[in-house]
Amino acid sequence: RFLKSLEDLKSRTRASRPFQNSLATSEIVINFSSNFDNNLEARNAFRFAADMWEMEIISSVPIIIDADFRDLGSNVIAQNGSNVVSNVPNAPDPTLVYVSSLGNSIAGEDLLPGQPDLIQTYNSSFNFYYGLDANPPPNQTDFVTIAFHEIGHGIGITGSSNGGEGVGRSSGAFPNAWDTFVELADGTPILDLPFGSAPQTEALI
């Protein structure tokens, strides 16, 4: 199913992809900054990555990405920031912090109206490959892969664990949804270890 859809994505304009559109279970809206204006290939590659995610996540609320494209120096390929929400209606665990795209999906409504869910910047000085075939030459980095990866972080595939600070924010009081999936080898949830304790720090490192 996924491979067939990828072929459909590569061969058609977005407006004429009936097969892909029939599989979409979410909508991702990308607000490109003017820095993308002179790079249509980058915009198309970004859209391609977002289209793949639209088939794999479920939300009745559109996911909004503000995307910029500028020089970030030589060591940073891209940056992602996500708005977060708490006290999410219908959440399986109301004590957790959720990225807004996930919180919106759970609540079935836009919890931060007028705000983007993801704020992303891609390094315009990087030597990107903008093809859609996942076959970059050795001296280039595949833009679709990077965008797909960063969108994944933005929709919640990211934890608040840190080897030096423990798990969660505010002294461990507000872990996020992804932290609940982090376990030790024996299945012990990382959140079961005392915040800032030696066993927790050792496990994270």
# chains A, B, ... in the order shown; residues from 1 in each chain; ligands from 1
>>> residues_around(residues="Thr25 of chain A", least_positions_apart="2", cutoff="10 Å", atoms="only C-alpha atoms", output="PyMOL selection string")
chain A and resi 21-23+27+53-60
>>> closest_atom_pairs(of="segment 126-203 of chain A", to="segment 41-50 of chain A", cutoff="10 Å", atoms="only C-alpha atoms", output="CSV")
residue,atom,partner,partner_atom,distance
A:Phe128,CA,A:Ala42,CA,8.6
A:Tyr129,CA,A:Ala42,CA,8.7
A:Tyr130,CA,A:Ala45,CA,5.8
A:Gly131,CA,A:Ala45,CA,7.0
A:Leu132,CA,A:Ala45,CA,6.6
A:Asp142,CA,A:Ala45,CA,9.3
A:Phe143,CA,A:Ala45,CA,6.6
A:Val144,CA,A:Ala45,CA,5.4
A:Thr145,CA,A:Ala49,CA,7.4
A:Ile146,CA,A:Ala49,CA,8.8
A:Ala147,CA,A:Phe46,CA,5.9
A:Phe148,CA,A:Ala49,CA,5.0
A:His149,CA,A:Ala49,CA,8.8
A:Glu150,CA,A:Ala49,CA,9.8
A:Ile151,CA,A:Ala50,CA,7.5
A:Gly152,CA,A:Ala50,CA,9.7
>>> write_last_selection(atoms="N, CA and C atoms", output="tab-separated table (two decimals), in the first residue's frame")
chain	number	residue	atom	x	y	z
A	128	PHE	N	21.65	19.78	-0.37
A	128	PHE	CA	20.52	18.86	-0.37
A	128	PHE	C	20.27	18.26	-1.75
A	129	TYR	N	19.73	17.06	-1.71
A	129	TYR	CA	19.20	16.41	-2.91
A	129	TYR	C	17.68	16.47	-2.81
A	130	TYR	N	17.02	17.02	-3.83
A	130	TYR	CA	15.59	17.26	-3.76
A	130	TYR	C	14.76	16.25	-4.55
A	131	GLY	N	15.40	15.20	-5.04
A	131	GLY	CA	14.66	14.18	-5.76
A	131	GLY	C	13.71	13.43	-4.84
A	132	LEU	N	12.77	12.70	-5.43
A	132	LEU	CA	11.76	11.98	-4.66
A	132	LEU	C	12.00	10.47	-4.68
A	142	ASP	N	19.61	13.74	1.45
A	142	ASP	CA	18.25	13.63	0.94
A	142	ASP	C	17.29	14.53	1.73
A	143	PHE	N	16.74	15.53	1.07
A	143	PHE	CA	15.87	16.49	1.75
A	143	PHE	C	14.58	15.84	2.22
A	144	VAL	N	14.00	14.95	1.43
A	144	VAL	CA	12.77	14.28	1.83
A	144	VAL	C	12.96	13.54	3.15
A	145	THR	N	14.07	12.83	3.27
A	145	THR	CA	14.36	12.09	4.50
A	145	THR	C	14.45	13.03	5.70
A	146	ILE	N	15.15	14.15	5.52
A	146	ILE	CA	15.30	15.11	6.62
A	146	ILE	C	13.96	15.71	7.01
A	147	ALA	N	13.15	16.10	6.02
A	147	ALA	CA	11.85	16.69	6.32
A	147	ALA	C	10.93	15.67	7.00
A	148	PHE	N	10.95	14.44	6.50
A	148	PHE	CA	10.14	13.38	7.10
A	148	PHE	C	10.53	13.17	8.56
A	149	HIS	N	11.83	13.16	8.82
A	149	HIS	CA	12.37	12.99	10.17
A	149	HIS	C	11.93	14.13	11.09
A	150	GLU	N	12.07	15.38	10.61
A	150	GLU	CA	11.74	16.53	11.44
A	150	GLU	C	10.24	16.62	11.71
A	151	ILE	N	9.42	16.29	10.73
A	151	ILE	CA	7.98	16.28	10.96
A	151	ILE	C	7.65	15.24	12.03
A	152	GLY	N	8.34	14.10	12.00
A	152	GLY	CA	8.13	13.08	13.02
A	152	GLY	C	8.37	13.62	14.42
>>> residues_around(residues="Tyr122 of chain A", least_positions_apart="4", cutoff="8 Å", atoms="only C-alpha atoms", output="PyMOL selection string")
chain A and resi 67-72+77-79
>>> write_last_selection(atoms="N, CA, C and O atoms", output="CSV table (one decimal), in the first residue's frame")
chain,number,residue,atom,x,y,z
A,67,ALA,N,7.3,26.8,8.0
A,67,ALA,CA,8.6,26.4,7.5
A,67,ALA,C,9.5,27.5,7.0
A,67,ALA,O,9.0,28.3,6.2
A,68,ASP,N,10.7,27.5,7.4
A,68,ASP,CA,11.7,28.5,6.9
A,68,ASP,C,12.9,27.8,6.3
A,68,ASP,O,13.1,26.6,6.6
A,69,PHE,N,13.6,28.6,5.5
A,69,PHE,CA,14.7,28.0,4.8
A,69,PHE,C,15.8,29.1,4.7
A,69,PHE,O,15.8,30.0,4.0
A,70,ARG,N,16.8,28.9,5.6
A,70,ARG,CA,17.9,29.9,5.7
A,70,ARG,C,19.2,29.3,6.2
A,70,ARG,O,19.2,28.2,6.7
A,71,ASP,N,20.2,30.1,6.2
A,71,ASP,CA,21.5,29.6,6.5
A,71,ASP,C,21.6,29.4,8.1
A,71,ASP,O,21.4,30.3,8.8
A,72,LEU,N,21.9,28.2,8.5
A,72,LEU,CA,22.0,27.8,9.9
A,72,LEU,C,23.5,27.5,10.2
A,72,LEU,O,23.7,26.9,11.3
A,77,ILE,N,21.6,20.9,10.4
A,77,ILE,CA,20.9,20.6,9.1
A,77,ILE,C,19.5,21.1,9.2
A,77,ILE,O,19.0,21.5,8.1
A,78,ALA,N,18.9,21.1,10.3
A,78,ALA,CA,17.5,21.5,10.5
A,78,ALA,C,17.2,21.7,11.9
A,78,ALA,O,17.8,21.2,12.8
A,79,GLN,N,16.1,22.5,12.2
A,79,GLN,CA,15.7,22.7,13.6
A,79,GLN,C,14.2,22.6,13.6
A,79,GLN,O,13.4,23.0,12.7
>>> closest_residue(among="A:Ile157, A:Ile28, A:Leu191, A:Leu184", to="Val99 of chain A", atoms="only C-alpha atoms")
A:Ile157
>>> select_by_dssp(residues="segment 8-202 of chain A", states="alpha helix (DSSP H)", output="ChimeraX atom specification")
/A:8-11,18-23,40-54,100-107,143-154,198-202
>>> write_last_selection(atoms="C-alpha atoms", output="compact mmCIF listing (two decimals), in the first residue's frame")
# COMPACT_ATOMS: atom_id res chain seq x y z
CA ASP A 8 1.52 7.67 -7.14
CA LEU A 9 3.01 10.64 -5.28
CA LYS A 10 6.01 10.80 -7.60
CA SER A 11 4.05 10.51 -10.80
CA PRO A 18 -6.81 10.07 -6.17
CA PHE A 19 -5.15 7.01 -4.66
CA GLN A 20 -3.03 8.96 -2.16
CA ASN A 21 -5.88 11.29 -1.33
CA SER A 22 -8.12 8.32 -0.59
CA LEU A 23 -5.57 7.03 1.94
CA LEU A 40 10.48 25.05 -5.84
CA GLU A 41 12.29 21.71 -5.61
CA ALA A 42 12.65 22.11 -1.85
CA ARG A 43 8.98 22.98 -1.50
CA ASN A 44 7.97 19.92 -3.53
CA ALA A 45 10.25 17.63 -1.53
CA PHE A 46 8.85 19.00 1.74
CA ARG A 47 5.30 18.50 0.49
CA PHE A 48 6.18 14.94 -0.53
CA ALA A 49 7.39 14.14 2.99
CA ALA A 50 4.25 15.67 4.50
CA ASP A 51 2.05 13.69 2.12
CA MET A 52 3.58 10.45 3.40
CA TRP A 53 2.81 11.44 6.99
CA GLU A 54 -0.78 12.29 6.05
CA SER A 100 -0.21 20.44 20.04
CA SER A 101 -0.75 18.31 16.91
CA LEU A 102 -1.20 15.20 19.06
CA GLY A 103 -3.24 17.06 21.65
CA ASN A 104 -5.52 18.40 18.93
CA SER A 105 -6.00 14.91 17.51
CA ILE A 106 -6.95 13.52 20.92
CA ALA A 107 -9.25 16.43 21.77
CA PHE A 143 15.87 16.49 1.75
CA VAL A 144 12.77 14.28 1.83
CA THR A 145 14.36 12.09 4.50
CA ILE A 146 15.30 15.11 6.62
CA ALA A 147 11.85 16.69 6.32
CA PHE A 148 10.14 13.38 7.10
CA HIS A 149 12.37 12.99 10.17
CA GLU A 150 11.74 16.53 11.44
CA ILE A 151 7.98 16.28 10.96
CA GLY A 152 8.13 13.08 13.02
CA HIS A 153 9.72 14.98 15.90
CA GLY A 154 7.18 17.75 15.51
CA ALA A 198 21.39 7.84 40.09
CA PRO A 199 19.53 4.85 38.55
CA GLN A 200 17.52 7.16 36.29
CA THR A 201 20.54 9.15 35.20
CA GLU A 202 22.50 5.95 34.54
>>> select_by_dssp(residues="segment 85-200 of chain A", states="strand (DSSP E or B)", output="PyMOL selection string")
chain A and resi 85+97-99+118-123+128-129+141-142+162+166+169+174+176+183+189
>>> closest_residue(among="A:Thr188, A:Ser197, A:Asn139, A:Asn176", to="Val84 of chain A", atoms="only C-alpha atoms")
A:Asn176
>>> decode(residues="segment 49-91 of chain A", atoms="N, CA and C atoms", output="mmCIF file, in the first residue's frame")
data_model
loop_
_atom_site.group_PDB
_atom_site.id
_atom_site.type_symbol
_atom_site.label_atom_id
_atom_site.label_comp_id
_atom_site.auth_asym_id
_atom_site.auth_seq_id
_atom_site.Cartn_x
_atom_site.Cartn_y
_atom_site.Cartn_z
ATOM 1 N N ALA A 49 7.214 14.734 1.662
ATOM 2 C CA ALA A 49 7.392 14.143 2.989
ATOM 3 C C ALA A 49 6.121 14.286 3.822
ATOM 4 N N ALA A 50 5.493 15.462 3.748
ATOM 5 C CA ALA A 50 4.255 15.675 4.499
ATOM 6 C C ALA A 50 3.138 14.768 3.998
ATOM 7 N N ASP A 51 3.083 14.558 2.679
ATOM 8 C CA ASP A 51 2.053 13.688 2.115
ATOM 9 C C ASP A 51 2.174 12.265 2.646
ATOM 10 N N MET A 52 3.389 11.795 2.854
ATOM 11 C CA MET A 52 3.576 10.453 3.405
ATOM 12 C C MET A 52 3.035 10.378 4.827
ATOM 13 N N TRP A 53 3.317 11.429 5.623
ATOM 14 C CA TRP A 53 2.811 11.442 6.992
ATOM 15 C C TRP A 53 1.291 11.501 7.025
ATOM 16 N N GLU A 54 0.683 12.174 6.062
ATOM 17 C CA GLU A 54 -0.777 12.291 6.049
ATOM 18 C C GLU A 54 -1.461 10.926 5.978
ATOM 19 N N MET A 55 -0.779 9.941 5.422
ATOM 20 C CA MET A 55 -1.343 8.598 5.314
ATOM 21 C C MET A 55 -1.118 7.760 6.566
ATOM 22 N N GLU A 56 -0.236 8.213 7.443
ATOM 23 C CA GLU A 56 0.191 7.369 8.560
ATOM 24 C C GLU A 56 -0.304 7.864 9.918
ATOM 25 N N ILE A 57 -0.842 9.053 10.001
ATOM 26 C CA ILE A 57 -1.362 9.563 11.264
ATOM 27 C C ILE A 57 -2.833 9.916 11.082
ATOM 28 N N ILE A 58 -3.540 9.961 12.203
ATOM 29 C CA ILE A 58 -4.982 10.205 12.165
ATOM 30 C C ILE A 58 -5.302 11.456 12.965
ATOM 31 N N SER A 59 -5.933 12.406 12.322
ATOM 32 C CA SER A 59 -6.383 13.610 13.023
ATOM 33 C C SER A 59 -7.456 14.301 12.204
ATOM 34 N N SER A 60 -8.493 14.738 12.887
ATOM 35 C CA SER A 60 -9.538 15.517 12.221
ATOM 36 C C SER A 60 -9.194 16.997 12.204
ATOM 37 N N VAL A 61 -8.118 17.363 12.908
ATOM 38 C CA VAL A 61 -7.688 18.764 12.979
ATOM 39 C C VAL A 61 -6.446 18.938 12.112
ATOM 40 N N PRO A 62 -6.449 19.875 11.165
ATOM 41 C CA PRO A 62 -5.252 20.087 10.340
ATOM 42 C C PRO A 62 -4.012 20.384 11.186
ATOM 43 N N ILE A 63 -2.886 19.856 10.742
ATOM 44 C CA ILE A 63 -1.595 20.088 11.396
ATOM 45 C C ILE A 63 -0.893 21.207 10.629
ATOM 46 N N ILE A 64 -0.517 22.259 11.321
ATOM 47 C CA ILE A 64 0.040 23.437 10.684
ATOM 48 C C ILE A 64 1.551 23.502 10.919
ATOM 49 N N ILE A 65 2.310 23.629 9.833
ATOM 50 C CA ILE A 65 3.766 23.767 9.914
ATOM 51 C C ILE A 65 4.170 25.131 9.354
ATOM 52 N N ASP A 66 4.890 25.907 10.133
ATOM 53 C CA ASP A 66 5.543 27.112 9.630
ATOM 54 C C ASP A 66 6.971 26.719 9.257
ATOM 55 N N ALA A 67 7.320 26.836 7.985
ATOM 56 C CA ALA A 67 8.616 26.354 7.499
ATOM 57 C C ALA A 67 9.462 27.499 6.966
ATOM 58 N N ASP A 68 10.710 27.520 7.399
ATOM 59 C CA ASP A 68 11.659 28.531 6.930
ATOM 60 C C ASP A 68 12.863 27.823 6.315
ATOM 61 N N PHE A 69 13.605 28.554 5.502
ATOM 62 C CA PHE A 69 14.741 27.991 4.768
ATOM 63 C C PHE A 69 15.831 29.053 4.743
ATOM 64 N N ARG A 70 16.824 28.904 5.630
ATOM 65 C CA ARG A 70 17.867 29.918 5.715
ATOM 66 C C ARG A 70 19.172 29.303 6.213
ATOM 67 N N ASP A 71 20.217 30.084 6.163
ATOM 68 C CA ASP A 71 21.542 29.618 6.543
ATOM 69 C C ASP A 71 21.613 29.387 8.051
ATOM 70 N N LEU A 72 21.905 28.163 8.451
ATOM 71 C CA LEU A 72 22.048 27.814 9.866
ATOM 72 C C LEU A 72 23.489 27.482 10.232
ATOM 73 N N GLY A 73 24.425 27.836 9.345
ATOM 74 C CA GLY A 73 25.810 27.483 9.597
ATOM 75 C C GLY A 73 26.138 26.118 9.038
ATOM 76 N N SER A 74 27.264 25.588 9.429
ATOM 77 C CA SER A 74 27.746 24.348 8.814
ATOM 78 C C SER A 74 27.389 23.090 9.587
ATOM 79 N N ASN A 75 26.939 23.226 10.848
ATOM 80 C CA ASN A 75 26.766 22.044 11.686
ATOM 81 C C ASN A 75 25.314 21.669 11.964
ATOM 82 N N VAL A 76 24.370 22.502 11.559
ATOM 83 C CA VAL A 76 22.956 22.249 11.853
ATOM 84 C C VAL A 76 22.212 22.024 10.545
ATOM 85 N N ILE A 77 21.621 20.864 10.394
ATOM 86 C CA ILE A 77 20.933 20.565 9.142
ATOM 87 C C ILE A 77 19.498 21.084 9.150
ATOM 88 N N ALA A 78 18.860 21.062 10.345
ATOM 89 C CA ALA A 78 17.490 21.549 10.464
ATOM 90 C C ALA A 78 17.159 21.724 11.942
ATOM 91 N N GLN A 79 16.123 22.509 12.196
ATOM 92 C CA GLN A 79 15.668 22.735 13.566
ATOM 93 C C GLN A 79 14.160 22.561 13.617
ATOM 94 N N ASN A 80 13.681 21.972 14.691
ATOM 95 C CA ASN A 80 12.245 21.814 14.869
ATOM 96 C C ASN A 80 11.822 22.288 16.241
ATOM 97 N N GLY A 81 10.730 23.010 16.302
ATOM 98 C CA GLY A 81 10.098 23.380 17.555
ATOM 99 C C GLY A 81 8.624 23.040 17.470
ATOM 100 N N SER A 82 8.044 22.623 18.572
ATOM 101 C CA SER A 82 6.627 22.266 18.584
ATOM 102 C C SER A 82 5.937 22.976 19.735
ATOM 103 N N ASN A 83 4.757 23.527 19.467
ATOM 104 C CA ASN A 83 3.939 24.022 20.559
ATOM 105 C C ASN A 83 3.430 22.839 21.367
ATOM 106 N N VAL A 84 3.232 23.039 22.663
ATOM 107 C CA VAL A 84 2.763 21.962 23.530
ATOM 108 C C VAL A 84 1.514 22.405 24.271
ATOM 109 N N VAL A 85 0.733 21.417 24.679
ATOM 110 C CA VAL A 85 -0.504 21.677 25.413
ATOM 111 C C VAL A 85 -0.590 20.716 26.592
ATOM 112 N N SER A 86 -1.322 21.118 27.617
ATOM 113 C CA SER A 86 -1.560 20.256 28.777
ATOM 114 C C SER A 86 -3.053 20.269 29.090
ATOM 115 N N ASN A 87 -3.455 19.421 30.013
ATOM 116 C CA ASN A 87 -4.872 19.289 30.361
ATOM 117 C C ASN A 87 -5.722 19.058 29.114
ATOM 118 N N VAL A 88 -5.272 18.143 28.287
ATOM 119 C CA VAL A 88 -5.928 17.870 27.005
ATOM 120 C C VAL A 88 -7.228 17.099 27.221
ATOM 121 N N PRO A 89 -8.352 17.617 26.709
ATOM 122 C CA PRO A 89 -9.618 16.886 26.838
ATOM 123 C C PRO A 89 -9.531 15.500 26.196
ATOM 124 N N ASN A 90 -10.077 14.501 26.862
ATOM 125 C CA ASN A 90 -10.135 13.108 26.386
ATOM 126 C C ASN A 90 -8.772 12.420 26.392
ATOM 127 N N ALA A 91 -7.748 13.062 26.932
ATOM 128 C CA ALA A 91 -6.417 12.443 26.932
ATOM 129 C C ALA A 91 -6.408 11.210 27.827
#
